[in-house]
file entry.cif (mmCIF, C-alpha atoms)
data_final
loop_
_atom_site.label_atom_id
_atom_site.label_comp_id
_atom_site.auth_asym_id
_atom_site.auth_seq_id
_atom_site.Cartn_x
_atom_site.Cartn_y
_atom_site.Cartn_z
CA MET A 11 0.00 0.00 0.00
CA ASN A 12 1.46 3.35 -1.05
CA THR A 13 1.37 6.35 1.26
CA ILE A 14 1.21 10.11 0.79
CA TYR A 15 3.34 11.86 3.42
CA ILE A 16 2.78 15.57 4.01
CA ILE A 17 5.11 18.06 5.69
CA GLY A 18 4.31 21.72 6.19
CA ASP A 19 2.81 24.32 8.53
CA SER A 20 -0.52 25.27 10.12
CA THR A 21 -2.27 25.78 6.78
CA VAL A 22 -1.60 22.10 6.10
CA GLU A 23 -1.82 20.32 9.47
CA ASP A 24 -4.84 18.51 10.90
CA ASN A 25 -5.21 21.14 13.68
CA GLN A 26 -7.98 21.29 16.25
CA PRO A 27 -11.45 22.62 15.38
CA PRO A 28 -12.38 25.23 14.38
CA PHE A 29 -9.02 25.27 12.58
CA ARG A 30 -8.29 22.79 9.79
CA GLY A 31 -5.47 22.56 7.27
CA TRP A 32 -5.83 21.17 3.75
CA GLY A 33 -3.85 18.06 4.69
CA TRP A 34 -6.68 17.08 7.02
CA ALA A 35 -9.12 17.06 4.10
CA LEU A 36 -6.87 15.47 1.45
CA PRO A 37 -7.85 11.84 2.30
CA GLN A 38 -11.28 12.58 0.79
CA PHE A 39 -9.65 12.85 -2.63
CA VAL A 40 -7.32 9.82 -2.75
CA ARG A 41 -8.01 6.39 -4.18
CA GLU A 42 -9.09 3.54 -1.95
CA GLY A 43 -6.07 1.87 -0.40
CA VAL A 44 -3.89 5.01 -0.43
CA ARG A 45 -2.92 6.19 3.04
CA VAL A 46 -2.30 9.83 3.97
CA LYS A 47 0.12 10.59 6.79
CA ASN A 48 0.03 14.29 7.65
CA HIS A 49 3.09 15.37 9.65
CA ALA A 50 2.60 19.13 9.13
CA LEU A 51 2.74 21.23 12.29
CA SER A 52 1.81 24.81 13.11
CA GLY A 53 4.49 27.48 13.09
CA ARG A 54 7.17 25.49 11.32
CA SER A 55 9.38 26.58 8.46
CA SER A 56 11.40 24.46 6.07
CA ARG A 57 14.30 24.98 8.44
CA SER A 58 12.69 24.50 11.87
CA PHE A 59 10.70 21.43 10.80
CA ARG A 60 13.94 19.55 10.32
CA ALA A 61 15.83 21.22 13.19
CA GLU A 62 13.16 20.12 15.67
CA GLY A 63 13.35 16.52 14.51
CA LEU A 64 9.88 16.55 12.98
CA PHE A 65 11.09 15.02 9.72
CA GLU A 66 12.63 12.00 11.46
CA PRO A 67 9.42 9.90 11.52
CA VAL A 68 9.04 10.52 7.79
CA GLU A 69 12.66 9.58 7.18
CA GLN A 70 12.08 6.28 8.96
CA ALA A 71 8.87 5.43 7.11
CA LEU A 72 9.18 6.86 3.59
CA GLY A 73 9.55 4.12 1.01
CA GLU A 74 9.59 3.29 -2.66
CA GLY A 75 6.50 4.42 -4.50
CA ASP A 76 5.36 6.85 -1.80
CA LEU A 77 4.68 10.57 -2.30
CA LEU A 78 6.16 13.34 -0.17
CA LEU A 79 4.17 16.60 -0.38
CA ILE A 80 6.16 19.65 0.79
CA GLN A 81 4.59 23.04 1.54
CA PHE A 82 6.62 25.63 3.43
CA GLY A 83 6.90 29.41 3.13
CA HIS A 84 4.48 30.98 5.62
CA ASN A 85 6.99 30.88 8.47
CA ASP A 86 10.22 30.96 6.47
CA GLU A 87 9.66 34.68 5.98
CA LYS A 88 9.59 35.38 9.74
CA ASP A 89 12.63 37.10 11.20
CA ASP A 90 13.61 34.57 13.87
CA GLU A 91 15.19 31.11 14.14
CA ARG A 92 12.74 29.85 11.51
CA HIS A 93 13.86 32.28 8.84
CA THR A 94 15.28 31.17 5.51
CA ASP A 95 16.44 33.25 2.58
CA PRO A 96 14.46 32.70 -0.65
CA ASP A 97 17.61 32.89 -2.74
CA THR A 98 19.74 30.49 -0.69
CA THR A 99 18.67 28.61 2.42
CA TYR A 100 14.99 28.18 1.48
CA PRO A 101 15.63 26.27 -1.75
CA GLU A 102 18.50 24.44 -0.04
CA GLN A 103 16.17 23.18 2.69
CA LEU A 104 13.48 22.22 0.19
CA TRP A 105 15.96 20.33 -1.94
CA ARG A 106 17.21 18.35 1.08
CA TYR A 107 13.69 17.00 1.57
CA CYS A 108 13.35 16.26 -2.13
CA ALA A 109 16.74 14.58 -2.41
CA PHE A 110 16.00 12.33 0.55
CA ALA A 111 12.68 11.25 -0.96
CA LEU A 112 14.36 10.45 -4.27
CA SER A 113 17.05 8.45 -2.49
CA ARG A 114 14.28 6.25 -1.05
CA GLY A 115 12.54 5.75 -4.36
CA ALA A 116 9.72 8.09 -3.32
CA GLN A 117 8.38 11.01 -5.33
CA PRO A 118 8.69 14.52 -3.85
CA VAL A 119 6.15 17.16 -4.84
CA LEU A 120 6.69 20.84 -4.06
CA ILE A 121 3.59 22.87 -3.21
CA THR A 122 3.75 26.66 -3.17
CA PRO A 123 2.33 28.28 0.00
CA VAL A 124 -1.41 28.75 -0.07
CA CYS A 125 -2.64 32.32 -0.44
CA ARG A 126 -3.68 34.42 2.57
CA ARG A 127 -6.93 36.44 2.67
CA PHE A 128 -5.70 40.02 2.46
CA PHE A 129 -7.81 42.16 0.16
CA GLY A 130 -7.34 45.83 -0.60
CA GLY A 131 -10.11 48.38 -0.46
CA ASP A 132 -10.46 48.19 -4.25
CA GLY A 133 -11.01 44.42 -4.13
CA SER A 134 -7.44 43.57 -5.12
CA LEU A 135 -5.71 40.65 -3.41
CA PHE A 136 -2.32 41.34 -1.88
CA TYR A 137 0.75 39.18 -2.39
CA THR A 138 2.00 38.20 1.09
CA HIS A 139 4.71 35.60 0.52
CA GLY A 140 7.40 37.70 -1.11
CA GLU A 141 9.88 35.77 -3.21
CA TYR A 142 9.25 32.36 -1.64
CA PRO A 143 6.74 31.01 -4.19
CA ARG A 144 8.96 32.13 -7.04
CA ALA A 145 11.97 30.50 -5.38
CA MET A 146 10.09 27.21 -5.09
CA ARG A 147 8.98 27.33 -8.71
CA ARG A 148 12.55 27.99 -9.78
CA LEU A 149 13.87 25.05 -7.75
CA ALA A 150 11.22 22.75 -9.21
CA ALA A 151 12.17 23.78 -12.74
CA GLU A 152 15.91 23.45 -12.12
CA LYS A 153 15.72 20.06 -10.43
CA GLY A 154 12.82 18.59 -12.37
CA VAL A 155 10.67 18.15 -9.25
CA PRO A 156 6.88 18.10 -9.82
CA LEU A 157 5.13 21.18 -8.48
CA VAL A 158 1.57 22.08 -7.53
CA ASP A 159 1.23 25.86 -7.72
CA LEU A 160 -1.25 26.19 -4.87
CA LYS A 161 -0.36 29.87 -4.52
CA ALA A 162 -1.62 30.58 -8.02
CA ALA A 163 -4.63 28.25 -7.75
CA SER A 164 -5.83 29.65 -4.41
CA ARG A 165 -5.26 33.21 -5.55
CA ALA A 166 -7.39 32.63 -8.65
CA LEU A 167 -10.10 31.08 -6.48
CA TYR A 168 -10.16 33.97 -4.01
CA LYS A 169 -10.35 36.54 -6.78
CA SER A 170 -13.22 34.69 -8.42
CA LEU A 171 -15.13 34.43 -5.13
CA GLY A 172 -14.47 37.98 -3.97
CA GLU A 173 -13.66 39.14 -0.47
CA ALA A 174 -16.97 38.27 1.24
CA LYS A 175 -17.27 34.72 -0.14
CA THR A 176 -13.59 34.01 0.41
CA ALA A 177 -14.03 34.83 4.10
CA GLU A 178 -16.34 31.81 4.38
CA LEU A 179 -13.31 29.54 3.93
CA PHE A 180 -11.49 30.91 6.98
CA VAL A 181 -11.97 30.77 10.74
CA ARG A 182 -14.24 33.64 11.80
CA LEU A 183 -15.63 33.73 15.32
CA ALA A 184 -18.08 36.09 16.95
CA PRO A 185 -17.32 37.45 20.44
CA GLY A 186 -18.05 34.76 23.00
CA GLU A 187 -18.34 31.99 20.40
CA HIS A 188 -15.08 30.28 21.39
CA PRO A 189 -13.38 30.31 24.82
CA ASP A 190 -9.92 30.89 23.30
CA PHE A 191 -11.15 34.01 21.48
CA PRO A 192 -13.50 35.86 23.85
CA ASP A 193 -13.37 38.99 21.67
CA GLY A 194 -13.96 37.07 18.45
CA HIS A 195 -11.53 36.24 15.68
CA ASP A 196 -11.22 37.10 11.98
CA ASP A 197 -8.49 34.87 10.58
CA LYS A 198 -6.85 35.68 7.27
CA THR A 199 -4.54 32.65 7.12
CA HIS A 200 -6.18 29.58 8.70
CA PHE A 201 -9.08 27.59 7.27
CA ASN A 202 -12.23 26.17 8.78
CA ALA A 203 -13.32 22.64 7.79
CA HIS A 204 -15.11 23.88 4.67
CA GLY A 205 -12.13 25.94 3.59
CA ALA A 206 -9.75 23.04 4.15
CA GLN A 207 -11.89 20.87 1.89
CA VAL A 208 -11.96 23.52 -0.83
CA ILE A 209 -8.18 23.99 -0.73
CA ALA A 210 -7.58 20.24 -0.60
CA ALA A 211 -9.62 19.97 -3.78
CA LEU A 212 -7.21 22.41 -5.44
CA VAL A 213 -4.26 20.32 -4.27
CA ALA A 214 -5.96 17.17 -5.57
CA ASP A 215 -6.55 18.82 -8.95
CA GLY A 216 -2.88 19.74 -9.10
CA LEU A 217 -1.78 16.21 -8.22
CA ARG A 218 -4.08 14.67 -10.83
CA ALA A 219 -2.40 16.83 -13.46
CA LEU A 220 1.02 15.36 -12.62
CA PRO A 221 1.78 12.01 -14.26
CA GLU A 222 3.84 10.96 -11.24
CA CYS A 223 0.89 11.50 -8.87
CA ALA A 224 -2.33 10.91 -10.81
CA GLY A 225 -2.54 7.28 -9.77
CA PHE A 226 -2.93 8.24 -6.12
CA MET A 227 -6.05 10.34 -6.68
CA LYS A 228 -9.72 9.57 -7.26
#
call {"tool": "encode", "arguments": {"input": "entry.cif", "output": "structure tokens"}}
result
Amino acid sequence: MNTIYIIGDSTVEDNQPPFRGWGWALPQFVREGVRVKNHALSGRSSRSFRAEGLFEPVEQALGEGDLLLIQFGHNDEKDDERHTDPDTTYPEQLWRYCAFALSRGAQPVLITPVCRRFFGGDGSLFYTHGEYPRAMRRLAAEKGVPLVDLKAASRALYKSLGEAKTAELFVRLAPGEHPDFPDGHDDKTHFNAHGAQVIAALVADGLRALPECAGFMK
């Protein structure tokens, strides 16, 4: 039985309700008999995920014929111990994951960071990931690694929905609705269950379009 392993951040991880990442919803889109092992964890970058030993269980389990889905970028841009440079250390970290997967006979897939919900007053959608998506695309092209451009796909979706409808994909809480957010919460990064399913569908579409991955998907 082949397995899809996922590494990434809070937009990917299973999370606790009302928060859900797209990795939580991806099993809905895979063929019967395909397992999904989601190792993504909130707050991690391509650098800190490895530094904290979070990749070790994947290293021990990843085998021939498996997929390794890799989405980092949200926390790589932060100016602390998680930071990577889009021109140097970010692609270097990504390639380390890819190279390991290839050494095990597994197929790595790079996934650009999913878009955030930051609209301008004129309805435009801001770019919030700097050079990181471009750096990932460049690495994929240079190394011949399959890529799902989730940044582009989610951006197109948000623009087609508009600001109000896009907000329905994200965690929004009224004051008093949740004990952790007594004053309410209007999240522009993290998905609710519905949003996770919608974004997972975009990922699934991207995987179906890749010859190396199509056999894993419904």
call {"tool": "residues_around", "arguments": {"input": "entry.cif", "residues": "Tyr168 in chain A", "least_positions_apart": "5", "cutoff": "10 Å", "atoms": "all atoms listed in the file", "output": "PyMOL selection string"}}
result
chain A and resi 125-129+135+163+173-177+179
call {"tool": "closest_residue", "arguments": {"input": "entry.cif", "among": "A:Gly33, A:Pro67, A:Pro143, A:Gly73", "to": "Val46 in chain A", "atoms": "all atoms listed in the file"}}
result
A:Gly33
call {"tool": "resolve_selection", "arguments": {"input": "entry.cif", "expression": "the PyMOL selection byres ((chain A and resi 203) around 8)", "output": "list in words"}}
result
Pro27, Pro28, Phe29, Arg30, Gly31, Ala35, Leu179, Phe201, Asn202, His204, Gly205, Ala206 and Gln207 of chain A
call {"tool": "closest_residue", "arguments": {"input": "entry.cif", "among": "A:Asp190, A:Ser170, A:Asp159, A:Asp197", "to": "Ala219 in chain A", "atoms": "only C-alpha atoms"}}
result
A:Asp159
call {"tool": "resolve_selection", "arguments": {"input": "entry.cif", "expression": "the PyMOL selection byres ((chain A and resi 77) around 12)", "output": "short mmCIF file (atom, residue, chain, number, x, y, z; two decimals) with C-alpha atoms, in the coordinates of the input"}}
result
data_model
loop_
_atom_site.label_atom_id
_atom_site.label_comp_id
_atom_site.auth_asym_id
_atom_site.auth_seq_id
_atom_site.Cartn_x
_atom_site.Cartn_y
_atom_site.Cartn_z
CA MET A 11 0.00 0.00 0.00
CA ASN A 12 1.46 3.35 -1.05
CA THR A 13 1.37 6.35 1.26
CA ILE A 14 1.21 10.11 0.79
CA TYR A 15 3.34 11.86 3.42
CA ILE A 16 2.78 15.57 4.01
CA ILE A 17 5.11 18.06 5.69
CA VAL A 44 -3.89 5.01 -0.43
CA ARG A 45 -2.92 6.19 3.04
CA VAL A 46 -2.30 9.83 3.97
CA LYS A 47 0.12 10.59 6.79
CA ASN A 48 0.03 14.29 7.65
CA VAL A 68 9.04 10.52 7.79
CA ALA A 71 8.87 5.43 7.11
CA LEU A 72 9.18 6.86 3.59
CA GLY A 73 9.55 4.12 1.01
CA GLU A 74 9.59 3.29 -2.66
CA GLY A 75 6.50 4.42 -4.50
CA ASP A 76 5.36 6.85 -1.80
CA LEU A 78 6.16 13.34 -0.17
CA LEU A 79 4.17 16.60 -0.38
CA ILE A 80 6.16 19.65 0.79
CA TYR A 107 13.69 17.00 1.57
CA CYS A 108 13.35 16.26 -2.13
CA PHE A 110 16.00 12.33 0.55
CA ALA A 111 12.68 11.25 -0.96
CA LEU A 112 14.36 10.45 -4.27
CA ARG A 114 14.28 6.25 -1.05
CA GLY A 115 12.54 5.75 -4.36
CA ALA A 116 9.72 8.09 -3.32
CA GLN A 117 8.38 11.01 -5.33
CA PRO A 118 8.69 14.52 -3.85
CA VAL A 119 6.15 17.16 -4.84
CA LEU A 120 6.69 20.84 -4.06
CA VAL A 155 10.67 18.15 -9.25
CA PRO A 156 6.88 18.10 -9.82
CA LEU A 217 -1.78 16.21 -8.22
CA LEU A 220 1.02 15.36 -12.62
CA GLU A 222 3.84 10.96 -11.24
CA CYS A 223 0.89 11.50 -8.87
CA ALA A 224 -2.33 10.91 -10.81
CA GLY A 225 -2.54 7.28 -9.77
CA PHE A 226 -2.93 8.24 -6.12
CA MET A 227 -6.05 10.34 -6.68
#
call {"tool": "decode", "arguments": {"input": "entry.cif", "residues": "range 13-42 of chain A", "atoms": "N, CA, C and O atoms", "output": "PDB file, in the first residue's frame"}}
result
ATOM      1  N   THR A  13       1.745   5.338   0.278  1.00  0.00           N
ATOM      2  CA  THR A  13       1.375   6.352   1.255  1.00  0.00           C
ATOM      3  C   THR A  13       1.754   7.729   0.751  1.00  0.00           C
ATOM      4  O   THR A  13       2.799   7.909   0.126  1.00  0.00           O
ATOM      5  N   ILE A  14       0.892   8.709   1.015  1.00  0.00           N
ATOM      6  CA  ILE A  14       1.213  10.111   0.793  1.00  0.00           C
ATOM      7  C   ILE A  14       1.617  10.708   2.132  1.00  0.00           C
ATOM      8  O   ILE A  14       0.815  10.736   3.074  1.00  0.00           O
ATOM      9  N   TYR A  15       2.860  11.159   2.232  1.00  0.00           N
ATOM     10  CA  TYR A  15       3.337  11.857   3.418  1.00  0.00           C
ATOM     11  C   TYR A  15       3.295  13.356   3.146  1.00  0.00           C
ATOM     12  O   TYR A  15       3.616  13.807   2.040  1.00  0.00           O
ATOM     13  N   ILE A  16       2.890  14.120   4.153  1.00  0.00           N
ATOM     14  CA  ILE A  16       2.781  15.570   4.006  1.00  0.00           C
ATOM     15  C   ILE A  16       3.593  16.237   5.100  1.00  0.00           C
ATOM     16  O   ILE A  16       3.491  15.885   6.284  1.00  0.00           O
ATOM     17  N   ILE A  17       4.402  17.218   4.714  1.00  0.00           N
ATOM     18  CA  ILE A  17       5.106  18.062   5.686  1.00  0.00           C
ATOM     19  C   ILE A  17       4.792  19.519   5.359  1.00  0.00           C
ATOM     20  O   ILE A  17       4.645  19.898   4.203  1.00  0.00           O
ATOM     21  N   GLY A  18       4.664  20.330   6.414  1.00  0.00           N
ATOM     22  CA  GLY A  18       4.309  21.725   6.193  1.00  0.00           C
ATOM     23  C   GLY A  18       3.968  22.425   7.490  1.00  0.00           C
ATOM     24  O   GLY A  18       4.448  22.038   8.563  1.00  0.00           O
ATOM     25  N   ASP A  19       3.110  23.435   7.401  1.00  0.00           N
ATOM     26  CA  ASP A  19       2.807  24.318   8.528  1.00  0.00           C
ATOM     27  C   ASP A  19       1.329  24.249   8.896  1.00  0.00           C
ATOM     28  O   ASP A  19       0.626  23.309   8.541  1.00  0.00           O
ATOM     29  N   SER A  20       0.839  25.276   9.594  1.00  0.00           N
ATOM     30  CA  SER A  20      -0.522  25.265  10.120  1.00  0.00           C
ATOM     31  C   SER A  20      -1.598  25.288   9.039  1.00  0.00           C
ATOM     32  O   SER A  20      -2.728  24.864   9.284  1.00  0.00           O
ATOM     33  N   THR A  21      -1.287  25.777   7.860  1.00  0.00           N
ATOM     34  CA  THR A  21      -2.272  25.782   6.784  1.00  0.00           C
ATOM     35  C   THR A  21      -2.455  24.395   6.184  1.00  0.00           C
ATOM     36  O   THR A  21      -3.352  24.183   5.367  1.00  0.00           O
ATOM     37  N   VAL A  22      -1.596  23.472   6.615  1.00  0.00           N
ATOM     38  CA  VAL A  22      -1.600  22.105   6.101  1.00  0.00           C
ATOM     39  C   VAL A  22      -2.023  21.095   7.175  1.00  0.00           C
ATOM     40  O   VAL A  22      -2.684  20.101   6.879  1.00  0.00           O
ATOM     41  N   GLU A  23      -1.671  21.338   8.427  1.00  0.00           N
ATOM     42  CA  GLU A  23      -1.819  20.321   9.473  1.00  0.00           C
ATOM     43  C   GLU A  23      -3.283  20.015   9.799  1.00  0.00           C
ATOM     44  O   GLU A  23      -4.203  20.757   9.436  1.00  0.00           O
ATOM     45  N   ASP A  24      -3.487  18.918  10.515  1.00  0.00           N
ATOM     46  CA  ASP A  24      -4.839  18.510  10.896  1.00  0.00           C
ATOM     47  C   ASP A  24      -5.483  19.528  11.837  1.00  0.00           C
ATOM     48  O   ASP A  24      -6.685  19.778  11.766  1.00  0.00           O
ATOM     49  N   ASN A  25      -4.716  20.099  12.768  1.00  0.00           N
ATOM     50  CA  ASN A  25      -5.207  21.140  13.683  1.00  0.00           C
ATOM     51  C   ASN A  25      -6.319  20.631  14.587  1.00  0.00           C
ATOM     52  O   ASN A  25      -6.721  19.482  14.554  1.00  0.00           O
ATOM     53  N   GLN A  26      -6.821  21.539  15.408  1.00  0.00           N
ATOM     54  CA  GLN A  26      -7.985  21.289  16.249  1.00  0.00           C
ATOM     55  C   GLN A  26      -9.100  22.232  15.820  1.00  0.00           C
ATOM     56  O   GLN A  26      -8.865  23.400  15.547  1.00  0.00           O
ATOM     57  N   PRO A  27     -10.343  21.740  15.755  1.00  0.00           N
ATOM     58  CA  PRO A  27     -11.451  22.624  15.383  1.00  0.00           C
ATOM     59  C   PRO A  27     -11.486  23.860  16.283  1.00  0.00           C
ATOM     60  O   PRO A  27     -11.157  23.744  17.463  1.00  0.00           O
ATOM     61  N   PRO A  28     -11.810  25.032  15.728  1.00  0.00           N
ATOM     62  CA  PRO A  28     -12.382  25.227  14.382  1.00  0.00           C
ATOM     63  C   PRO A  28     -11.349  25.336  13.275  1.00  0.00           C
ATOM     64  O   PRO A  28     -11.713  25.637  12.134  1.00  0.00           O
ATOM     65  N   PHE A  29     -10.074  25.136  13.579  1.00  0.00           N
ATOM     66  CA  PHE A  29      -9.023  25.266  12.579  1.00  0.00           C
ATOM     67  C   PHE A  29      -8.799  23.926  11.877  1.00  0.00           C
ATOM     68  O   PHE A  29      -8.758  22.875  12.515  1.00  0.00           O
ATOM     69  N   ARG A  30      -8.614  23.983  10.565  1.00  0.00           N
ATOM     70  CA  ARG A  30      -8.290  22.793   9.795  1.00  0.00           C
ATOM     71  C   ARG A  30      -7.362  23.180   8.648  1.00  0.00           C
ATOM     72  O   ARG A  30      -7.564  24.196   7.986  1.00  0.00           O
ATOM     73  N   GLY A  31      -6.345  22.354   8.412  1.00  0.00           N
ATOM     74  CA  GLY A  31      -5.469  22.555   7.271  1.00  0.00           C
ATOM     75  C   GLY A  31      -5.884  21.653   6.120  1.00  0.00           C
ATOM     76  O   GLY A  31      -6.614  20.667   6.304  1.00  0.00           O
ATOM     77  N   TRP A  32      -5.397  21.944   4.920  1.00  0.00           N
ATOM     78  CA  TRP A  32      -5.829  21.175   3.755  1.00  0.00           C
ATOM     79  C   TRP A  32      -5.373  19.723   3.818  1.00  0.00           C
ATOM     80  O   TRP A  32      -6.010  18.827   3.228  1.00  0.00           O
ATOM     81  N   GLY A  33      -4.292  19.437   4.547  1.00  0.00           N
ATOM     82  CA  GLY A  33      -3.847  18.056   4.686  1.00  0.00           C
ATOM     83  C   GLY A  33      -4.863  17.189   5.410  1.00  0.00           C
ATOM     84  O   GLY A  33      -4.955  15.976   5.158  1.00  0.00           O
ATOM     85  N   TRP A  34      -5.626  17.791   6.305  1.00  0.00           N
ATOM     86  CA  TRP A  34      -6.681  17.077   7.018  1.00  0.00           C
ATOM     87  C   TRP A  34      -7.754  16.587   6.055  1.00  0.00           C
ATOM     88  O   TRP A  34      -8.313  15.490   6.230  1.00  0.00           O
ATOM     89  N   ALA A  35      -8.047  17.374   5.032  1.00  0.00           N
ATOM     90  CA  ALA A  35      -9.116  17.055   4.097  1.00  0.00           C
ATOM     91  C   ALA A  35      -8.656  16.234   2.896  1.00  0.00           C
ATOM     92  O   ALA A  35      -9.489  15.671   2.180  1.00  0.00           O
ATOM     93  N   LEU A  36      -7.349  16.144   2.660  1.00  0.00           N
ATOM     94  CA  LEU A  36      -6.866  15.470   1.453  1.00  0.00           C
ATOM     95  C   LEU A  36      -7.301  14.008   1.350  1.00  0.00           C
ATOM     96  O   LEU A  36      -7.540  13.528   0.226  1.00  0.00           O
ATOM     97  N   PRO A  37      -7.426  13.241   2.450  1.00  0.00           N
ATOM     98  CA  PRO A  37      -7.848  11.840   2.304  1.00  0.00           C
ATOM     99  C   PRO A  37      -9.170  11.660   1.557  1.00  0.00           C
ATOM    100  O   PRO A  37      -9.421  10.584   0.998  1.00  0.00           O
ATOM    101  N   GLN A  38     -10.006  12.674   1.520  1.00  0.00           N
ATOM    102  CA  GLN A  38     -11.277  12.580   0.790  1.00  0.00           C
ATOM    103  C   GLN A  38     -11.078  12.428  -0.717  1.00  0.00           C
ATOM    104  O   GLN A  38     -11.999  12.010  -1.430  1.00  0.00           O
ATOM    105  N   PHE A  39      -9.878  12.769  -1.194  1.00  0.00           N
ATOM    106  CA  PHE A  39      -9.649  12.850  -2.633  1.00  0.00           C
ATOM    107  C   PHE A  39      -8.711  11.761  -3.159  1.00  0.00           C
ATOM    108  O   PHE A  39      -8.401  11.768  -4.346  1.00  0.00           O
ATOM    109  N   VAL A  40      -8.261  10.852  -2.300  1.00  0.00           N
ATOM    110  CA  VAL A  40      -7.321   9.817  -2.746  1.00  0.00           C
ATOM    111  C   VAL A  40      -8.057   8.516  -3.043  1.00  0.00           C
ATOM    112  O   VAL A  40      -9.160   8.269  -2.557  1.00  0.00           O
ATOM    113  N   ARG A  41      -7.421   7.677  -3.834  1.00  0.00           N
ATOM    114  CA  ARG A  41      -8.007   6.385  -4.179  1.00  0.00           C
ATOM    115  C   ARG A  41      -8.088   5.468  -2.958  1.00  0.00           C
ATOM    116  O   ARG A  41      -7.295   5.604  -2.014  1.00  0.00           O
ATOM    117  N   GLU A  42      -8.989   4.531  -3.017  1.00  0.00           N
ATOM    118  CA  GLU A  42      -9.093   3.537  -1.949  1.00  0.00           C
ATOM    119  C   GLU A  42      -7.784   2.763  -1.847  1.00  0.00           C
ATOM    120  O   GLU A  42      -7.200   2.362  -2.853  1.00  0.00           O
TER     121      GLU A  42
END
